[in-house]
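Taking it in order: structure first as structure tokens, then the write-up.
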Amino acid sequence: MDFEKRLERAIERGQHQGDVQAREDEQRKLGETELKQLHIKYQLELSEQIEDCLRKLADHFPGFRFNTATDERGWGATISRDDLLVEDGRRANSFSRLEMVISPFASVHILELRAKGTIHNKELFRRTRYQMLVEADPESFRQLIDMWVLEYAELYAANA
């Protein structure tokens, strides 16, 4: 076989490999889109659960302010309060806060729940739970949200 024919075949093989690579990239991209949609679905469901639980918690402890959280850290909610304490004639501020968010979609394809609880200026717990997005069980995340809110309520009541 002369050089010209080998050159043409090499070009054909290269074009074929390029087509195969383009199809694989397209399939990966579709997979990425589907994963993102799944993450958004879970994020909406779980952030509603977080909001409901934190609103109820704030109702049981007057003085807490409720805020939804939708920023680069994730979707969820926070409750917080500032108290002015007077001890021995001196003023002191006391800050309490509970924040729970579902992290935004990322290339690692995980569903992540994060919580941080502060009571009277002391961070008493920091929790993180994640699962691979394709294996995620939203019900287990709902149970964790309930459990962490109950844990914070118990700690706050004990320290109030």
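Within each chain, counting starts at residue 1; across the structure tokens, chains are named A, B, ... in the order shown, with ligands numbered 1 upward in that order.
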Fill in: DSSP-assigned helix (DSSP H, G or I) members of range 21-71 of chain A, reported as a ChimeraX atom specification
/A:21-60
*asked:* Applying 10 Å and only C-alpha atoms, which residues near His109 in chain A remain after dropping the ones on its own chain fewer than 5 positions away? List them as a list in words.
replied: Glu32, Leu35, Lys36, His39, Pro104, Gln131, Met132, Leu133 and Val134 of chain A
Write the selection just made, keeping N, CA and C atoms, as a compact mmCIF listing (two decimals), in the first residue's frame?
# COMPACT_ATOMS: atom_id res chain seq x y z
N GLU A 32 -24.93 14.57 32.89
CA GLU A 32 -24.70 15.71 33.78
C GLU A 32 -25.98 16.52 33.95
N LEU A 35 -28.35 14.58 36.15
CA LEU A 35 -27.90 14.64 37.54
C LEU A 35 -28.22 16.00 38.16
N LYS A 36 -28.04 17.05 37.38
CA LYS A 36 -28.34 18.38 37.89
C LYS A 36 -29.84 18.52 38.19
N HIS A 39 -30.56 16.68 41.37
CA HIS A 39 -30.09 17.46 42.52
C HIS A 39 -31.05 18.60 42.85
N PRO A 104 -25.05 23.42 46.96
CA PRO A 104 -25.38 23.50 45.54
C PRO A 104 -24.79 22.32 44.75
N GLN A 131 -24.29 11.91 50.34
CA GLN A 131 -24.39 10.65 49.61
C GLN A 131 -24.17 10.96 48.14
N MET A 132 -23.68 9.96 47.42
CA MET A 132 -23.57 10.13 45.98
C MET A 132 -24.97 10.37 45.44
N LEU A 133 -25.09 11.30 44.52
CA LEU A 133 -26.39 11.73 44.03
C LEU A 133 -27.20 10.57 43.45
N VAL A 134 -26.57 9.69 42.71
CA VAL A 134 -27.30 8.58 42.09
C VAL A 134 -27.78 7.56 43.13
**Report entry** Point-to-point distance in Å for CA of Met100 in chain A and CA of Thr78 in chain A
**Finding:**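 Interatomic distance here is 6.4 Å.
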> Which of these, A:Met147, A:Leu57, A:Leu85, A:Ile50, has the shortest distance to Ala69 in chain A once you count only C-alpha atoms?
Replying inline: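 Ranking A:Met147, A:Leu57, A:Leu85, A:Ile50 by distance to Ala69 in chain A, first place goes to A:Ile50.
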- Run DSSP on the backbone of this structure and report the residues of chain A it assigns to strand (DSSP E), as number ranges by chain. A: 65-71, 74-87, 90-102, 110-119, 122-132
